[in-house]
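Taking it in order: structure first as structure tokens, then the write-up.
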Amino acid sequence: MSKEKGSLSIHSENIFPIIKKWLYSDHDIFVRELVSNACDAITKLTRLNSLGEISLEDNEFSVKIILDKENKTIKIIDNGIGMTAEEIKKYINQIAFSGAEDFLEKYKDKGDKEQIIGHFGLGFYSAFMVAERVQINTKSYVENSESALWTCEGGTEFEIADGTKESRGTEITLFVSDEGKSFLDEYTLRSTIEKYCSFMPFPIYLEVVGKEPNKDEDGNVIIEDPKAINVTQPLYVKKPNECTDEEYKEFYKDTFKDFKEPLFWIHLNMDYPFNLKGILYFPKLNTEFDTLEGQIKLYNNQVFVANNIKEVIPEFLLLLKGVIDCPDLPLNVSRSFLQNDGFVKKISDYISKKVSDKLSGMFKTDRLSYEKFFDDISPFIKYGSLKDEKFAKKVEEIMLYKNKSGNFVTISEYLDLHAGKLENKVYYTTDIVQQAHYIELLKEHGIDVLILNHSIDPPFVSLLESKNDKVKFIRVDADLSDVLTDAQIESDTEETIKITEELSNVFKSALNKEEMKLKVESFKSNEVSAMIVLSEENRRMQDMLKMYGNSGIDPNMFPSNEELVLNKNNKLVDFLINSNYEENKELMDTVAMQVYDLALIGHKKLSPEKMVEFLKRSNKILNMII
Ligand SMILES: Nc1ncnc2c1ncn2[C@@H]1O[C@H](COP(=O)(O)OP(=O)(O)OP(=O)(O)O)[C@@H](O)[C@H]1O
């Protein structure tokens with residue numbers, strides 16, 4: 001067969017329903033598309049004025065939305081550039097022919113193009129998702145032009161006639177269909193306008209036909225100035241040095257309806273190599289990390305695109321609250337979808353870098369404030385480190401750790417403070433009450449203990465260790481070597497082996513615990529009789545099994561390796577070493593059980609049965625001494 005070339009033909013009657021119904025995922029999008037067209041129409045007019053192409057006498061620009069529930073109509077009226085009948089035929093009748101693109105092409109060398117929103121030439125048809133008939137009544141800015149009226153009932157047929165519009169601009173009337181009737185509700189319509197148009201560049205007013213005016217106590221009508229729904233100059237478009245703290249806080253409150261003050265914020269303002277403006281807020285936490293939910297609103301030229309778009313905003317930043325406006329976003333026709341290319345990744349990297357720069361800056365120049373905020377921001381930094389390697393690297397040195405007295409140190413500071421005492425070891429506690437005993441003992445030996453009690457800490461600690469093999473985190477009950485006397489070396493001597501064996505027999509018999517592990521050491525302090533230790537690796541493994549509770553792994557595969565460490569320097573232990581078990585069985589059993597339970601209490605919560613037993617025995621012991 002010979003080669004043939006040609007162009008595809010599209011039947012408008014088949015493609016039209018697709019555009020109307022399936023191009024946009026949400027019905028409410030029509031508000032965004034029609035109001036942004038109205039704003040575009042005004043922008044074009046002001047642009048022509050500033051280029052000297054026309055000379056405008058008025059400068060009161062606005063978009064009015066009129067809801068008429070009774071007649072089931074919604075009107076969107078602007079006093080922008082308007083259209084002639086010819087322009088309607090060109091821009092509206094030719095689907096996917098954008099007047100916005102046409103305008104930009106015509107004036108491409110004059111001024112920046114970013115403020116005009118439309119460019120696909122399809123947005124207008126979203127009106128048919130909620131309307132059975134749409135009317136355009138419009139009058140062009142060009143002097144002596146005639147008003148034109150375009151009507152279409154959603155098919156491929158349209159009608160164009162003389163219009164009735166006397167002043168410049170466009171009035172779009174939607175005759176709302178059954179499918180769109182929810183938008184005839186004032187609250188729904190208002191919230192949709194708020195959602196998409198909050199930052200659009202011209203004031204938008206909503207008027208409801210037949211709405212009872214507000215009255216004072218005496219029944220007199222209160223005359224109120226109409227109030228625009230939107231803010232035409234959102235704070236983020238201003239330069240950072242022109243914004244006050246109060247303005248930042250106010251903007252936060254208005255945008256996120258969060259009445260708790262944010263901790264601090266980052267004003268993003270970038271012109272090159274891409275345009276990006278926005279403000280990211282660090283919210284105050286008062287909930288556990290797991291339930292924390294941020295919100296990042298993404299805008300394109302002051303038009304809302306979507307919330308929490310993962311492609312642009314690094315996932316961990318979704319814990320923050322903020323707005324980001326990037327006119328250069330490679331958006332799809334339906335705007336909420338991004339064309340995922342390298343550019344989007346660059347934006348995401350830039351935002352992440354800005355956040356780590358801000359945190360490093362604060363750490364270096366205002367450590368006090370940084371420490372004040374740290375409890376709130378630490379889960380965020382830890383989560384960020386787990387999710388983003390580059391971020392992790394940047395914040396590694398500025399990660400703080402709190403001790404029991406509320407002081408913050410970095411890991412390098414901790415290691416410096418313990419130089420000569422600890423070799424690259426960092427002691428931490430997961431529970432300052434439960435593990436108080438161990439913390440106290442370490443403190444007596446001049447060793448500080450850091451608190452790592454958040455659910456994110458175990459994976460975070462593993463991450464740190466995997467990146468720095470010189471630092472090892474050890475929970476206070478995992479290693480007693482730093483509270484033992486140097487004489488511990490003697491633990492291998494024949495005498496110690498013998499004592500250990502004898503005590504082992506006593507404890508196994510008293511506790512009826514054949515599998516128990518026991519060790520005898522010399523503590524620097526003689527007050528403590530015994531402690532339980534569980535190696536760090538072993539405990540982490542157990543914690544992991546608990547976390548993945550129903551993973552099907554049998555926890556018995558990893559037996560608990562808890563070990564009872566008896567202090568040879570303690571009087572009670574001494575008594576057990578030097579007494580004859582056959583002759584003093586009852587008393588020695590009681591002492592052994594009590595010593596064991598005391599060690600256990602310092603290590604973990606007793607089971608209810610164990611607790612009852614312990615209390616009974618304690619009373620019995622008290623009775624013995626009176
Ligand atoms: N209110 C209006 N005033 C003046 N011209 C308008 C108005 N609404 C639409 N137009 C013209 O109709 C064209 C088509 O509008 P439509 O919303 O379909 O596409 P667009 O805005 O160009 O692009 P997008 O699909 O990205 O929204 C516009 O480019 C504009 O020239």
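FYI, nothing fancy with the structure tokens labels: chains A, B, ... in order, residues from 1 per chain, ligands from 1 as they appear.
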DSSP helix (DSSP H, G or I) residues within region 467-619 of chain A, listed as an MDAnalysis selection string: chainID A and resid 467 481:483 486:492 494:511 536:547 555:557 571:578 585:601 608:619
Nearest candidate to Glu166 (chain A) (options A:Lys139, A:His445, A:Lys321, A:Lys108; using only C-alpha atoms):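 So, comparing all the options, the nearest one is A:Lys139.
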Residue neighbourhood region 470-479 of chain A, 10 Å, only C-alpha atoms, exclusion window fewer than 3 positions, as a PyMOL selection string: chain A and resi 411-412+415+423-431+435-442+449-452+461-462+464-467+482-483+531-540+562-563+602-604
Please identify all polymer residues within 9 Å of Asn307 (chain A), counting only C-alpha atoms, omitting same-chain residues fewer than 3 positions from it, and present them as an MDAnalysis selection string. chainID A and resid 295:299 304
Spatial neighbours of Thr151 (chain A), max dist 9 Å, only C-alpha atoms, sep filter under 3 positions, as a list in words: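 Within the cut-off, the hits are Arg133, Val134, Gln135, Ile136, Asn137, Glu157, Phe158, Glu159, Ile160 and Ala161 of chain A.
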Output file for the selection above: C-alpha atoms, as a PDB file, in the first residue's frame:
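Below you can see selection38.pdb, which holds the result:
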ATOM      1  CA  ARG A 133     -28.383  26.945  28.907  1.00  0.00           C
ATOM      2  CA  VAL A 134     -25.643  29.570  28.918  1.00  0.00           C
ATOM      3  CA  GLN A 135     -25.940  33.118  27.719  1.00  0.00           C
ATOM      4  CA  ILE A 136     -23.169  35.614  27.029  1.00  0.00           C
ATOM      5  CA  ASN A 137     -24.322  39.210  26.914  1.00  0.00           C
ATOM      6  CA  GLU A 157     -25.888  24.637  18.080  1.00  0.00           C
ATOM      7  CA  PHE A 158     -25.648  28.238  19.197  1.00  0.00           C
ATOM      8  CA  GLU A 159     -27.470  31.459  18.496  1.00  0.00           C
ATOM      9  CA  ILE A 160     -25.961  34.883  18.203  1.00  0.00           C
ATOM     10  CA  ALA A 161     -28.030  38.059  18.215  1.00  0.00           C
TER      11      ALA A 161
END
Using only C-alpha atoms and all ligand atoms, pick whichever of A:Lys90, A:Lys181, A:His11, A:Lys3 has the shortest atom-to-atom distance to ligand 1.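 Looking at the shortest contact to ligand 1, the residue is A:Lys90.
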Within 12 Å of Ile456 (chain A), counting only C-alpha atoms, which residues qualify if same-chain residues fewer than 3 places away don't, as a list in words?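 Contacts, with the query itself left out: Glu288, Phe289, Asp290, Ser378, Pro379, Phe380, Ile381, Lys382, Tyr383, Gly384, Ser385, Leu386, Lys387, Thr430, Leu452, Asn453, Pro459, Phe460, Val461, Ser462 and Leu463 of chain A.
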Nearest to ligand 1, chosen from A:Thr73, A:Ser352, A:Ser98, A:Ser579, with only C-alpha atoms and all ligand atoms counted in the distances: A:Ser98
Rank A:Val323, A:Leu48, A:Val63, A:Val520 by their smallest atom-to-atom distance to ligand 1, using only C-alpha atoms and all ligand atoms, and report the top residue only.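 Under the stated criterion, the closest residue is A:Val63.
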Work out how far CA of Trp265 (chain A) is from CA of Thr192 (chain A), in Å to one decimal.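 CA of Thr192 (chain A) sits 27.4 Å away from CA of Trp265 (chain A).
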Atom 30 (C, counted along the ligand's line) of ligand 1 to CA of Thr188 (chain A), distance in Å rounded to a single decimal: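 Interatomic distance here is 26.5 Å.
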With distances taken over only C-alpha atoms and all ligand atoms, which residue among A:Val303, A:Val176, A:Ile309, A:Ile447 lies nearest ligand 1?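 Nearest candidate to ligand 1 out of A:Val303, A:Val176, A:Ile309, A:Ile447: A:Val303.
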A:Gln594, A:Tyr401, A:Asp349, A:Gln94 ranked by distance to Asp457 (chain A), top pick (using only C-alpha atoms):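 Checking each of A:Gln594, A:Tyr401, A:Asp349, A:Gln94 against Asp457 (chain A), counting only C-alpha atoms, the winner is A:Tyr401.
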May I ask for the distance between CA of His267 (chain A) and CA of Pro240 (chain A), given in Å to one decimal place?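 These two atoms are separated by 6.2 Å.
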Apply DSSP to the backbone of this structure and, from region 177-401 of chain A, keep only the residues in strand (DSSP E); write these as a PyMOL selection string. chain A and resi 204-208+264-270+276-282+295-300+303-307+321-325+401
